[in-house]
>>> print(open('data.txt').read())   # compact mmCIF, C-alpha atoms and all ligand atoms
# COMPACT_ATOMS: atom_id res chain seq x y z
CA MET C 26 16.15 47.95 -71.19
CA LYS C 27 15.17 46.38 -67.87
CA LEU C 28 15.01 48.73 -64.91
CA LYS C 29 14.00 48.21 -61.31
CA ILE C 30 12.37 51.39 -60.07
CA ALA C 31 11.32 51.97 -56.45
CA VAL C 32 8.33 54.30 -56.20
CA LEU C 33 8.23 56.21 -52.92
CA SER C 34 5.21 58.42 -53.32
CA GLY C 35 5.05 59.60 -49.70
CA ASP C 36 2.55 62.09 -48.32
CA GLY C 37 0.11 64.81 -49.36
CA VAL C 38 -0.14 65.12 -53.12
CA GLY C 39 2.86 62.77 -53.54
CA PRO C 40 0.78 59.66 -54.37
CA GLU C 41 -1.39 61.54 -56.91
CA VAL C 42 1.50 63.04 -58.82
CA CYS C 43 3.58 59.85 -58.66
CA ALA C 44 0.66 57.87 -60.10
CA GLN C 45 0.80 60.10 -63.19
CA ALA C 46 4.56 59.65 -63.59
CA VAL C 47 4.05 55.89 -63.26
CA LYS C 48 1.41 56.03 -66.02
CA VAL C 49 3.90 57.87 -68.18
CA LEU C 50 6.67 55.32 -67.50
CA LYS C 51 4.24 52.54 -68.42
CA ALA C 52 3.45 54.33 -71.68
CA ILE C 53 7.18 54.54 -72.44
CA GLU C 54 7.60 50.87 -71.53
CA LEU C 55 4.87 49.92 -73.98
CA LYS C 56 5.90 52.22 -76.79
CA PHE C 57 9.64 51.54 -76.66
CA LYS C 58 9.46 47.89 -75.49
CA HIS C 59 11.29 48.21 -72.18
CA LYS C 60 10.70 46.38 -68.93
CA PHE C 61 10.23 48.63 -65.93
CA ILE C 62 9.65 46.82 -62.65
CA LEU C 63 7.93 49.41 -60.48
CA THR C 64 7.60 48.66 -56.77
CA ASP C 65 5.87 50.90 -54.23
CA ALA C 66 7.28 51.53 -50.77
CA LEU C 67 6.39 53.67 -47.78
CA VAL C 68 8.22 56.81 -46.73
CA GLY C 69 7.50 59.89 -44.61
CA GLY C 70 4.29 60.37 -42.64
CA ILE C 71 2.66 57.30 -44.17
CA GLY C 72 5.71 55.29 -43.10
CA ILE C 73 5.20 56.55 -39.53
CA ASP C 74 1.49 55.74 -39.65
CA VAL C 75 1.87 52.22 -41.01
CA LYS C 76 5.26 51.10 -39.71
CA GLY C 77 6.12 53.61 -36.99
CA ASP C 78 9.16 54.71 -39.03
CA PRO C 79 9.54 57.48 -41.67
CA LEU C 80 12.02 55.24 -43.49
CA PRO C 81 11.06 51.61 -42.85
CA LYS C 82 13.80 49.03 -43.37
CA GLU C 83 11.92 47.38 -46.27
CA THR C 84 11.90 50.74 -48.07
CA LEU C 85 15.60 51.29 -47.62
CA ASP C 86 16.39 47.71 -48.71
CA LEU C 87 14.23 48.13 -51.82
CA CYS C 88 16.02 51.40 -52.67
CA HIS C 89 19.41 49.74 -52.30
CA GLU C 90 18.47 46.99 -54.74
CA SER C 91 16.71 49.24 -57.29
CA ASP C 92 18.32 50.92 -60.29
CA ALA C 93 16.49 54.16 -59.55
CA ILE C 94 14.03 55.73 -57.17
CA LEU C 95 11.05 57.87 -58.07
CA PHE C 96 10.10 60.04 -55.11
CA GLY C 97 6.91 62.04 -54.56
CA ALA C 98 6.80 64.32 -51.54
CA ILE C 99 6.80 64.10 -47.77
CA GLY C 100 5.40 66.12 -44.90
CA ASP C 101 2.09 66.09 -43.12
CA PRO C 102 0.75 68.91 -40.92
CA LYS C 103 -0.46 66.44 -38.33
CA PHE C 104 3.18 65.90 -37.34
CA GLU C 105 3.90 69.61 -37.29
CA ASN C 106 1.42 70.64 -34.63
CA SER C 107 3.73 69.37 -31.97
CA LEU C 108 7.25 70.73 -32.45
CA ASP C 109 8.42 68.16 -29.96
CA THR C 110 7.41 65.28 -32.20
CA LYS C 111 10.42 63.01 -32.16
CA ILE C 112 9.68 61.26 -35.40
CA ARG C 113 9.00 63.63 -38.27
CA PRO C 114 8.24 62.63 -41.89
CA GLU C 115 11.17 64.76 -43.16
CA GLU C 116 13.58 62.54 -41.26
CA GLY C 117 12.70 59.76 -43.70
CA LEU C 118 13.97 61.78 -46.63
CA LEU C 119 17.08 63.03 -44.84
CA LYS C 120 17.96 59.49 -43.75
CA LEU C 121 17.30 58.15 -47.24
CA ARG C 122 19.64 60.76 -48.78
CA LYS C 123 22.34 59.96 -46.24
CA GLU C 124 22.00 56.17 -46.39
CA LEU C 125 22.11 56.15 -50.19
CA GLY C 126 24.88 58.76 -50.25
CA LEU C 127 22.88 61.06 -52.55
CA TYR C 128 25.30 63.96 -52.24
CA ALA C 129 24.43 65.87 -55.42
CA ASN C 130 21.03 67.38 -55.98
CA ILE C 131 20.68 68.79 -59.46
CA ARG C 132 17.80 71.19 -60.06
CA PRO C 133 17.48 72.53 -63.61
CA LEU C 134 15.43 75.65 -64.21
CA LYS C 135 14.04 76.53 -67.60
CA VAL C 136 11.23 78.82 -68.65
CA PHE C 137 8.54 77.12 -70.72
CA GLU C 138 7.83 79.50 -73.57
CA PRO C 139 3.98 79.29 -73.42
CA LEU C 140 4.06 79.88 -69.66
CA VAL C 141 6.35 82.87 -69.64
CA HIS C 142 3.43 85.15 -68.76
CA LYS C 143 2.51 83.04 -65.69
CA SER C 144 5.54 84.17 -63.75
CA PRO C 145 5.06 87.16 -61.46
CA ILE C 146 8.35 88.44 -62.88
CA LYS C 147 8.35 90.45 -66.12
CA GLU C 148 8.65 88.46 -69.31
CA LYS C 149 11.60 90.51 -70.60
CA VAL C 150 13.55 89.64 -67.43
CA ILE C 151 12.98 85.88 -67.42
CA LYS C 152 12.70 84.98 -71.10
CA ASN C 153 15.25 82.30 -72.05
CA THR C 154 16.39 81.76 -68.49
CA ASP C 155 18.20 78.44 -68.28
CA PHE C 156 20.32 77.51 -65.31
CA ILE C 157 21.03 74.52 -63.08
CA ILE C 158 21.48 74.50 -59.33
CA PHE C 159 23.95 71.96 -57.97
CA ARG C 160 22.95 71.65 -54.32
CA GLU C 161 25.05 69.67 -51.84
CA LEU C 162 22.62 67.23 -50.24
CA THR C 163 24.17 65.15 -47.49
CA GLY C 164 26.12 67.63 -45.39
CA GLY C 165 26.06 71.09 -43.86
CA ILE C 166 23.62 72.36 -41.29
CA TYR C 167 21.00 69.75 -42.20
CA TYR C 168 23.18 66.99 -40.77
CA GLY C 169 25.31 68.76 -38.13
CA GLU C 170 24.82 68.11 -34.45
CA LYS C 171 21.58 69.56 -33.08
CA LYS C 172 21.32 70.57 -29.46
CA LEU C 173 18.64 71.83 -27.16
CA SER C 174 19.56 72.79 -23.61
CA LYS C 175 17.79 71.06 -20.74
CA ASP C 176 15.79 74.17 -19.85
CA GLY C 177 14.75 74.50 -23.51
CA ASN C 178 16.13 78.04 -23.81
CA LEU C 179 19.09 77.41 -26.08
CA ALA C 180 19.31 75.52 -29.34
CA SER C 181 22.08 75.06 -31.90
CA ASP C 182 22.65 73.43 -35.28
CA GLN C 183 26.19 72.79 -36.35
CA CYS C 184 27.27 73.34 -39.95
CA VAL C 185 30.15 71.12 -41.04
CA TYR C 186 31.79 70.57 -44.44
CA THR C 187 34.86 68.63 -45.47
CA THR C 188 36.97 69.24 -48.59
CA GLU C 189 35.94 65.81 -49.84
CA GLU C 190 32.25 66.72 -49.69
CA ILE C 191 32.90 70.01 -51.47
CA ASP C 192 35.18 68.60 -54.14
CA ARG C 193 32.95 65.75 -55.32
CA LEU C 194 30.00 68.08 -55.94
CA ALA C 195 32.18 70.86 -57.37
CA HIS C 196 33.62 68.45 -59.97
CA LEU C 197 30.10 67.54 -61.13
CA ALA C 198 29.14 71.21 -61.36
CA PHE C 199 32.31 72.13 -63.28
CA LYS C 200 31.74 69.27 -65.73
CA SER C 201 28.17 70.39 -66.28
CA ALA C 202 29.29 74.01 -66.84
CA LYS C 203 31.89 72.78 -69.33
CA SER C 204 29.15 71.14 -71.40
CA ARG C 205 26.87 74.21 -71.18
CA ARG C 206 27.62 77.94 -71.32
CA LYS C 207 30.84 77.54 -69.33
CA LYS C 208 29.96 79.68 -66.36
CA LEU C 209 29.91 78.57 -62.75
CA THR C 210 28.76 80.67 -59.81
CA LEU C 211 29.60 79.59 -56.29
CA VAL C 212 27.00 80.87 -53.86
CA ASP C 213 28.14 81.13 -50.25
CA LYS C 214 28.42 83.45 -47.27
CA ALA C 215 32.20 83.61 -47.15
CA ASN C 216 32.16 87.01 -45.45
CA ILE C 217 30.74 85.31 -42.35
CA LEU C 218 30.97 81.52 -42.41
CA ALA C 219 34.07 79.36 -42.04
CA THR C 220 32.42 76.60 -44.07
CA SER C 221 31.80 79.05 -46.93
CA ARG C 222 35.45 80.10 -46.88
CA LEU C 223 36.42 76.46 -47.29
CA TRP C 224 34.00 76.14 -50.24
CA ARG C 225 35.61 79.20 -51.87
CA LYS C 226 39.15 77.94 -51.30
CA ARG C 227 38.35 74.54 -52.83
CA VAL C 228 36.44 75.93 -55.79
CA LYS C 229 39.30 78.36 -56.57
CA GLU C 230 41.70 75.44 -56.45
CA LEU C 231 39.56 73.11 -58.60
CA ALA C 232 38.87 75.86 -61.14
CA LYS C 233 42.48 75.38 -62.33
CA GLN C 234 41.42 71.98 -63.70
CA TYR C 235 38.63 73.59 -65.75
CA PRO C 236 40.29 76.57 -67.47
CA GLU C 237 37.46 76.90 -70.01
CA VAL C 238 34.92 77.56 -67.26
CA SER C 239 34.68 81.10 -65.89
CA VAL C 240 33.93 81.20 -62.17
CA ASP C 241 32.36 83.89 -60.07
CA TYR C 242 31.50 84.07 -56.42
CA LEU C 243 28.37 85.53 -54.88
CA TYR C 244 27.19 85.91 -51.32
CA VAL C 245 23.87 84.16 -50.89
CA ASP C 246 21.93 87.33 -50.02
CA ASN C 247 23.18 89.01 -53.18
CA ALA C 248 22.52 85.86 -55.25
CA ALA C 249 18.94 85.72 -53.94
CA MET C 250 18.43 89.21 -55.36
CA LYS C 251 20.22 88.60 -58.67
CA ILE C 252 18.19 85.44 -59.39
CA ILE C 253 15.10 87.61 -59.55
CA VAL C 254 16.59 90.76 -61.08
CA ASN C 255 18.67 89.13 -63.81
CA PRO C 256 18.27 85.33 -63.87
CA ARG C 257 19.74 84.97 -67.36
CA GLN C 258 23.21 85.69 -66.04
CA PHE C 259 23.34 82.25 -64.39
CA ASP C 260 24.44 79.01 -66.02
CA VAL C 261 25.53 76.62 -63.24
CA ILE C 262 25.03 77.57 -59.59
CA LEU C 263 27.02 75.57 -57.07
CA THR C 264 26.04 75.80 -53.44
CA GLU C 265 25.70 74.12 -50.06
CA ASN C 266 22.68 72.28 -48.74
CA LEU C 267 20.65 75.00 -46.99
CA PHE C 268 21.35 77.76 -49.53
CA GLY C 269 20.45 75.36 -52.36
CA ASP C 270 17.15 74.47 -50.69
CA ILE C 271 16.17 78.13 -50.39
CA LEU C 272 17.44 79.31 -53.77
CA SER C 273 15.71 76.48 -55.64
CA ASP C 274 12.29 77.38 -54.23
CA GLU C 275 12.99 81.02 -55.01
CA SER C 276 14.03 80.15 -58.57
CA SER C 277 10.83 78.22 -59.16
CA VAL C 278 8.99 81.55 -59.20
CA ILE C 279 10.71 82.29 -62.50
CA SER C 280 9.17 79.23 -64.16
CA GLY C 281 5.67 80.28 -63.12
CA SER C 282 4.99 77.31 -60.85
CA ILE C 283 6.97 75.13 -58.49
CA GLY C 284 4.82 72.34 -59.93
CA LEU C 285 7.02 72.27 -63.02
CA LEU C 286 10.45 71.68 -61.57
CA ALA C 287 12.10 68.28 -61.45
CA SER C 288 15.34 67.19 -59.84
CA THR C 289 17.91 64.42 -59.79
CA SER C 290 19.85 63.34 -56.72
CA ILE C 291 22.99 61.38 -57.43
CA GLY C 292 25.13 59.18 -55.22
CA ASP C 293 27.89 56.74 -56.03
CA LYS C 294 25.49 53.80 -56.31
CA SER C 295 21.98 55.21 -56.26
CA VAL C 296 19.99 57.80 -58.09
CA LEU C 297 16.70 59.41 -57.09
CA PHE C 298 14.30 61.59 -59.06
CA GLU C 299 11.79 63.91 -57.45
CA PRO C 300 9.80 67.08 -57.99
CA ILE C 301 11.24 69.97 -55.99
CA HIS C 302 7.85 70.85 -54.52
CA GLY C 303 6.59 69.64 -51.17
CA SER C 304 3.58 67.56 -50.14
CA PHE C 305 1.10 70.47 -50.42
CA PRO C 306 -1.39 68.92 -47.94
CA GLU C 307 -4.08 71.51 -48.76
CA LEU C 308 -4.49 69.94 -52.20
CA LYS C 309 -4.28 66.31 -51.11
CA GLY C 310 -6.95 64.10 -52.67
CA LYS C 311 -8.42 66.92 -54.76
CA ASP C 312 -6.95 65.75 -58.07
CA LEU C 313 -5.67 69.29 -58.68
CA ALA C 314 -1.93 69.08 -58.00
CA ASN C 315 0.35 69.67 -60.95
CA PRO C 316 1.91 66.32 -61.92
CA LEU C 317 4.31 67.80 -64.49
CA ALA C 318 7.27 68.16 -62.11
CA THR C 319 7.04 64.45 -61.26
CA ILE C 320 6.46 63.48 -64.89
CA LEU C 321 9.53 65.55 -65.82
CA SER C 322 11.42 63.79 -63.03
CA ALA C 323 10.56 60.53 -64.83
CA ALA C 324 12.03 62.10 -68.00
CA LEU C 325 15.24 62.86 -66.08
CA LEU C 326 15.28 59.21 -64.98
CA LEU C 327 15.07 58.06 -68.61
CA GLU C 328 17.85 60.47 -69.60
CA HIS C 329 20.00 59.19 -66.78
CA PHE C 330 19.87 55.73 -68.34
CA LYS C 331 20.66 57.25 -71.75
CA LEU C 332 17.11 56.65 -73.03
CA TYR C 333 17.19 60.00 -74.80
CA GLU C 334 14.50 59.32 -77.38
CA GLU C 335 12.18 58.15 -74.60
CA ALA C 336 12.95 61.21 -72.46
CA ASP C 337 12.27 63.47 -75.43
CA ALA C 338 8.93 61.72 -75.99
CA VAL C 339 7.97 62.61 -72.40
CA LYS C 340 9.18 66.20 -72.69
CA ASN C 341 7.40 66.71 -76.00
CA ALA C 342 4.16 65.38 -74.52
CA VAL C 343 4.54 67.71 -71.53
CA GLU C 344 5.14 70.66 -73.84
CA LYS C 345 2.07 69.70 -75.83
CA SER C 346 -0.07 69.57 -72.69
CA ILE C 347 1.13 73.08 -71.82
CA GLU C 348 0.56 74.33 -75.35
CA LEU C 349 -3.00 72.90 -75.37
CA ASN C 350 -3.70 74.18 -71.86
CA ILE C 351 -4.29 70.69 -70.51
CA THR C 352 -2.88 71.89 -67.25
CA THR C 353 -3.78 72.15 -63.58
CA PRO C 354 -5.03 75.41 -61.98
CA ASP C 355 -1.60 76.57 -60.77
CA ILE C 356 -0.71 77.32 -64.39
CA ASN C 357 -4.19 77.47 -65.87
CA SER C 358 -6.53 80.14 -64.60
CA THR C 359 -9.34 79.36 -67.05
CA LYS C 360 -12.48 77.45 -66.09
CA LYS C 361 -11.31 74.66 -68.37
CA PHE C 362 -8.33 73.68 -66.25
CA ALA C 363 -7.48 69.98 -66.18
CA HIS C 364 -7.24 67.61 -63.24
CA THR C 365 -4.08 65.83 -62.15
CA THR C 366 -5.24 62.52 -63.62
CA THR C 367 -6.31 64.17 -66.90
CA VAL C 368 -2.84 65.64 -67.36
CA GLY C 369 -1.29 62.20 -66.71
CA ASP C 370 -3.76 60.54 -69.11
CA PHE C 371 -3.04 63.08 -71.82
CA VAL C 372 0.76 62.88 -71.51
CA SER C 373 0.79 59.07 -71.57
CA ALA C 374 -1.74 58.80 -74.41
CA TYR C 375 0.23 61.36 -76.43
CA ILE C 376 3.39 59.31 -75.96
CA ILE C 377 1.67 56.17 -77.22
CA ASP C 378 -0.17 57.65 -80.18
CA LYS C 379 -0.10 61.40 -80.64
CA LYS C 380 -2.15 61.50 -83.84
CA SER C 381 -5.16 59.67 -82.47
CA VAL C 382 -5.04 61.65 -79.22
CA LEU C 383 -5.17 64.96 -81.03
CA TYR C 384 -7.96 63.63 -83.23
CA LYS C 385 -9.98 62.29 -80.30
CA MET C 386 -9.51 65.50 -78.36
CA GLU C 387 -12.13 67.21 -80.46
CA ASN C 388 -14.72 64.96 -78.81
CA ILE C 389 -13.37 65.00 -75.36
CA SER C 390 -14.68 66.85 -72.40
CA LEU C 391 -11.60 67.79 -70.42
CA GLY C 392 -11.61 67.19 -66.72
CA GLN C 393 -13.23 63.80 -67.02
CA SER C 394 -10.13 61.73 -67.63
CA THR C 395 -11.55 60.19 -70.74
CA ILE C 396 -8.64 60.90 -73.00
CA ILE C 397 -7.42 57.34 -73.51
C1 LIG C 401 13.54 69.82 -50.63
C2 LIG C 401 12.65 69.84 -49.41
C3 LIG C 401 13.31 69.04 -48.30
C4 LIG C 401 14.61 69.72 -47.93
C5 LIG C 401 12.44 68.81 -47.06
C6 LIG C 401 11.10 68.18 -47.40
C7 LIG C 401 13.15 68.00 -46.02
O1 LIG C 401 12.37 71.14 -49.03
O2 LIG C 401 13.86 68.71 -51.12
O3 LIG C 401 13.93 70.88 -51.09
O4 LIG C 401 14.63 70.66 -47.12
O5 LIG C 401 15.64 69.32 -48.46
MG MG C 402 13.08 72.60 -50.39
>>> encode(input="data.txt", output="structure tokens")
Amino acid sequence: MKLKIAVLSGDGVGPEVCAQAVKVLKAIELKFKHKFILTDALVGGIGIDVKGDPLPKETLDLCHESDAILFGAIGDPKFENSLDTKIRPEEGLLKLRKELGLYANIRPLKVFEPLVHKSPIKEKVIKNTDFIIFRELTGGIYYGEKKLSKDGNLASDQCVYTTEEIDRLAHLAFKSAKSRRKKLTLVDKANILATSRLWRKRVKELAKQYPEVSVDYLYVDNAAMKIIVNPRQFDVILTENLFGDILSDESSVISGSIGLLASTSIGDKSVLFEPIHGSFPELKGKDLANPLATILSAALLLEHFKLYEEADAVKNAVEKSIELNITTPDINSTKKFAHTTTVGDFVSAYIIDKKSVLYKMENISLGQSTII
């Protein structure tokens, strides 16, 4: 298969983790005889530095003409010191989502068996947790009108949703629930917010088209508690933009590290894959960031194009790296932790030739990226 993939690695640890996912895609290309045309483009703080724009036109054009986008992370503290900064790196991502119409952000959460003890939550609570968050991505308070009074003493952010925006995401979530454990939970704040009441009304209406799916409704504060107390009760969580942002970071605690969670953002014409973590500037350039979330985002990309065998090859290699403790310090507290590049080298080498990698490993000093 021939695929044009735009690589927007962004800021902080974004370039380091994206480089590992690119290595992995190249390994898949070689092993399964595909043609992946990977093109880099600027976004976020680096876009501002080089082009004066967090989403330069060339980047947006490239995304429009690509089959898929692999995204790293954005955000740089140097733009945060001044809250008045007009151009912020985050604007690049928000504009990209809006311009490409990426309305559905799908964030799966699974517990990796060998890492179950890494979570701060008790093993018996999180074991076998497996749910997906469907987060609305191009509406709500993120995109509503923002105001600041002239004297700077009053600010407001408007939250707006239309039935069309709710319905298109709800249909995707219902379809996913139908193919899974047939349970959908709408998370909202319908006791307070008019937008939430509209979400509830629409979801109740649409539920009639999916009689096999059982639906329940939770206020977001209560859901935030239940995700930690009893995460196994969830199958598909459907929610608006801001609640989905918060609940997905919260949920990552269950998996043991936010560095493990991948996501897909879908629009009518475009599709983007990214880790759910941020740019983690403290780790930038240290070769210590966990690349697995981005590598798993590449696996989601392959699955999206129905390259299931290829996606499984990536997931198996990731599982093997976890099993063998070839992992970064966030999930490996031993002195023999691996570096970002070592994890990427291992995963790609394992995809190409697992037998010889395991054989060679006996002679390899981890941390020196000498696996291939
Ligand atoms: C995410 C991030 C973004 C968001 C930021 C970087 C704008 O937190 O993708 O979850 O808030 O959507
Ligand atoms: Mg977030």
>>> residues_around(input="data.txt", residues="range 81-95 of chain C", least_positions_apart="3", cutoff="8 Å", atoms="only C-alpha atoms", output="mmCIF file with C-alpha atoms, keeping the file's coordinate frame")
data_model
loop_
_atom_site.group_PDB
_atom_site.id
_atom_site.type_symbol
_atom_site.label_atom_id
_atom_site.label_comp_id
_atom_site.auth_asym_id
_atom_site.auth_seq_id
_atom_site.Cartn_x
_atom_site.Cartn_y
_atom_site.Cartn_z
ATOM 1 C CA LEU C 28 15.010 48.730 -64.910
ATOM 2 C CA LYS C 29 14.000 48.210 -61.310
ATOM 3 C CA ILE C 30 12.370 51.390 -60.070
ATOM 4 C CA ALA C 31 11.320 51.970 -56.450
ATOM 5 C CA VAL C 32 8.330 54.300 -56.200
ATOM 6 C CA LEU C 33 8.230 56.210 -52.920
ATOM 7 C CA SER C 34 5.210 58.420 -53.320
ATOM 8 C CA CYS C 43 3.580 59.850 -58.660
ATOM 9 C CA ALA C 66 7.280 51.530 -50.770
ATOM 10 C CA LEU C 67 6.390 53.670 -47.780
ATOM 11 C CA VAL C 68 8.220 56.810 -46.730
ATOM 12 C CA GLY C 72 5.710 55.290 -43.100
ATOM 13 C CA LYS C 76 5.260 51.100 -39.710
ATOM 14 C CA GLY C 77 6.120 53.610 -36.990
ATOM 15 C CA ASP C 78 9.160 54.710 -39.030
ATOM 16 C CA LEU C 121 17.300 58.150 -47.240
ATOM 17 C CA LEU C 125 22.110 56.150 -50.190
ATOM 18 C CA SER C 295 21.980 55.210 -56.260
ATOM 19 C CA VAL C 296 19.990 57.800 -58.090
ATOM 20 C CA LEU C 297 16.700 59.410 -57.090
ATOM 21 C CA PHE C 298 14.300 61.590 -59.060
ATOM 22 C CA GLU C 299 11.790 63.910 -57.450
ATOM 23 C CA SER C 322 11.420 63.790 -63.030
ATOM 24 C CA ALA C 323 10.560 60.530 -64.830
ATOM 25 C CA LEU C 326 15.280 59.210 -64.980
#
>>> residues_around(input="data.txt", residues="range 133-148 of chain C", least_positions_apart="6", cutoff="8 Å", atoms="only C-alpha atoms", output="mmCIF file with C-alpha atoms, in the frame of the given file")
data_model
loop_
_atom_site.group_PDB
_atom_site.id
_atom_site.type_symbol
_atom_site.label_atom_id
_atom_site.label_comp_id
_atom_site.auth_asym_id
_atom_site.auth_seq_id
_atom_site.Cartn_x
_atom_site.Cartn_y
_atom_site.Cartn_z
ATOM 1 C CA THR C 154 16.390 81.760 -68.490
ATOM 2 C CA ASP C 155 18.200 78.440 -68.280
ATOM 3 C CA PHE C 156 20.320 77.510 -65.310
ATOM 4 C CA ILE C 157 21.030 74.520 -63.080
ATOM 5 C CA ILE C 158 21.480 74.500 -59.330
ATOM 6 C CA ILE C 253 15.100 87.610 -59.550
ATOM 7 C CA SER C 276 14.030 80.150 -58.570
ATOM 8 C CA SER C 277 10.830 78.220 -59.160
ATOM 9 C CA VAL C 278 8.990 81.550 -59.200
ATOM 10 C CA ILE C 279 10.710 82.290 -62.500
ATOM 11 C CA SER C 280 9.170 79.230 -64.160
ATOM 12 C CA GLY C 281 5.670 80.280 -63.120
ATOM 13 C CA SER C 282 4.990 77.310 -60.850
ATOM 14 C CA LEU C 286 10.450 71.680 -61.570
ATOM 15 C CA ALA C 287 12.100 68.280 -61.450
ATOM 16 C CA SER C 288 15.340 67.190 -59.840
ATOM 17 C CA GLU C 344 5.140 70.660 -73.840
ATOM 18 C CA ILE C 347 1.130 73.080 -71.820
ATOM 19 C CA GLU C 348 0.560 74.330 -75.350
ATOM 20 C CA ILE C 356 -0.710 77.320 -64.390
#
>>> residues_near_ligand(input="data.txt", ligand="ligand LIG 401 (chain C)", cutoff="7 Å", atoms="only C-alpha atoms and all ligand atoms", output="PDB file with C-alpha atoms, in the coordinates of the input")
ATOM      1  CA  ILE C  99       6.800  64.100 -47.770  1.00  0.00           C
ATOM      2  CA  GLY C 100       5.400  66.120 -44.900  1.00  0.00           C
ATOM      3  CA  GLU C 115      11.170  64.760 -43.160  1.00  0.00           C
ATOM      4  CA  LEU C 118      13.970  61.780 -46.630  1.00  0.00           C
ATOM      5  CA  LEU C 119      17.080  63.030 -44.840  1.00  0.00           C
ATOM      6  CA  ASP C 270      17.150  74.470 -50.690  1.00  0.00           C
ATOM      7  CA  ILE C 301      11.240  69.970 -55.990  1.00  0.00           C
ATOM      8  CA  HIS C 302       7.850  70.850 -54.520  1.00  0.00           C
ATOM      9  CA  GLY C 303       6.590  69.640 -51.170  1.00  0.00           C
TER      10      GLY C 303
END
>>> closest_residue(input="data.txt", among="C:Leu211, C:Leu179, C:Ala232, C:Leu162", to="ligand MG 402 (chain C)", atoms="only C-alpha atoms and all ligand atoms")
C:Leu162
>>> closest_atom_pairs(input="data.txt", of="chain C", to="ligand MG 402 (chain C)", cutoff="10 Å", atoms="all atoms listed in the file", output="CSV")
residue,atom,partner,partner_atom,distance
C:Asn266,CA,C:MG402,MG,9.7
C:Leu267,CA,C:MG402,MG,8.6
C:Phe268,CA,C:MG402,MG,9.8
C:Gly269,CA,C:MG402,MG,8.1
C:Asp270,CA,C:MG402,MG,4.5
C:Ile271,CA,C:MG402,MG,6.3
C:Leu272,CA,C:MG402,MG,8.7
C:Ser273,CA,C:MG402,MG,7.0
C:Asp274,CA,C:MG402,MG,6.2
C:Glu275,CA,C:MG402,MG,9.6
C:Pro300,CA,C:MG402,MG,9.9
C:Ile301,CA,C:MG402,MG,6.5
C:His302,CA,C:MG402,MG,6.9
C:Gly303,CA,C:MG402,MG,7.2
>>> closest_atom_pairs(input="data.txt", of="range 159-232 of chain C", to="range 241-244 of chain C", cutoff="12 Å", atoms="all atoms listed in the file", output="tab-separated table")
residue	atom	partner	partner_atom	distance
C:Lys207	CA	C:Asp241	CA	11.3
C:Lys208	CA	C:Asp241	CA	7.9
C:Leu209	CA	C:Asp241	CA	6.4
C:Thr210	CA	C:Asp241	CA	4.8
C:Leu211	CA	C:Tyr242	CA	4.9
C:Val212	CA	C:Leu243	CA	5.0
C:Asp213	CA	C:Tyr244	CA	5.0
C:Lys214	CA	C:Tyr244	CA	4.9
C:Ala215	CA	C:Tyr244	CA	6.9
C:Asn216	CA	C:Tyr244	CA	7.8
C:Ile217	CA	C:Tyr244	CA	9.7
C:Leu218	CA	C:Tyr244	CA	10.6
C:Ser221	CA	C:Tyr244	CA	9.4
C:Arg222	CA	C:Tyr244	CA	11.0
C:Trp224	CA	C:Tyr242	CA	10.4
C:Arg225	CA	C:Tyr242	CA	7.8
C:Lys226	CA	C:Tyr242	CA	11.1
C:Val228	CA	C:Tyr242	CA	9.5
C:Lys229	CA	C:Asp241	CA	9.5
C:Ala232	CA	C:Asp241	CA	10.4
>>> write_last_selection(input="data.txt", atoms="C-alpha atoms", output="PDB file, keeping the file's coordinate frame")
ATOM      1  CA  LYS C 207      30.840  77.540 -69.330  1.00  0.00           C
ATOM      2  CA  LYS C 208      29.960  79.680 -66.360  1.00  0.00           C
ATOM      3  CA  LEU C 209      29.910  78.570 -62.750  1.00  0.00           C
ATOM      4  CA  THR C 210      28.760  80.670 -59.810  1.00  0.00           C
ATOM      5  CA  LEU C 211      29.600  79.590 -56.290  1.00  0.00           C
ATOM      6  CA  VAL C 212      27.000  80.870 -53.860  1.00  0.00           C
ATOM      7  CA  ASP C 213      28.140  81.130 -50.250  1.00  0.00           C
ATOM      8  CA  LYS C 214      28.420  83.450 -47.270  1.00  0.00           C
ATOM      9  CA  ALA C 215      32.200  83.610 -47.150  1.00  0.00           C
ATOM     10  CA  ASN C 216      32.160  87.010 -45.450  1.00  0.00           C
ATOM     11  CA  ILE C 217      30.740  85.310 -42.350  1.00  0.00           C
ATOM     12  CA  LEU C 218      30.970  81.520 -42.410  1.00  0.00           C
ATOM     13  CA  SER C 221      31.800  79.050 -46.930  1.00  0.00           C
ATOM     14  CA  ARG C 222      35.450  80.100 -46.880  1.00  0.00           C
ATOM     15  CA  TRP C 224      34.000  76.140 -50.240  1.00  0.00           C
ATOM     16  CA  ARG C 225      35.610  79.200 -51.870  1.00  0.00           C
ATOM     17  CA  LYS C 226      39.150  77.940 -51.300  1.00  0.00           C
ATOM     18  CA  VAL C 228      36.440  75.930 -55.790  1.00  0.00           C
ATOM     19  CA  LYS C 229      39.300  78.360 -56.570  1.00  0.00           C
ATOM     20  CA  ALA C 232      38.870  75.860 -61.140  1.00  0.00           C
TER      21      ALA C 232
END
>>> atom_distance(input="data.txt", atom1="CA of Pro316 in chain C", atom2="CA of Val42 in chain C")
4.5 Å
>>> residues_around(input="data.txt", residues="range 168-172 of chain C", least_positions_apart="2", cutoff="12 Å", atoms="only C-alpha atoms", output="ChimeraX atom specification")
/C:116,119-120,122-123,161-166,174-186,265-267
>>> closest_residue(input="data.txt", among="C:Phe96, C:Phe159, C:Phe330, C:Phe57", to="Glu41 in chain C", atoms="all atoms listed in the file")
C:Phe96
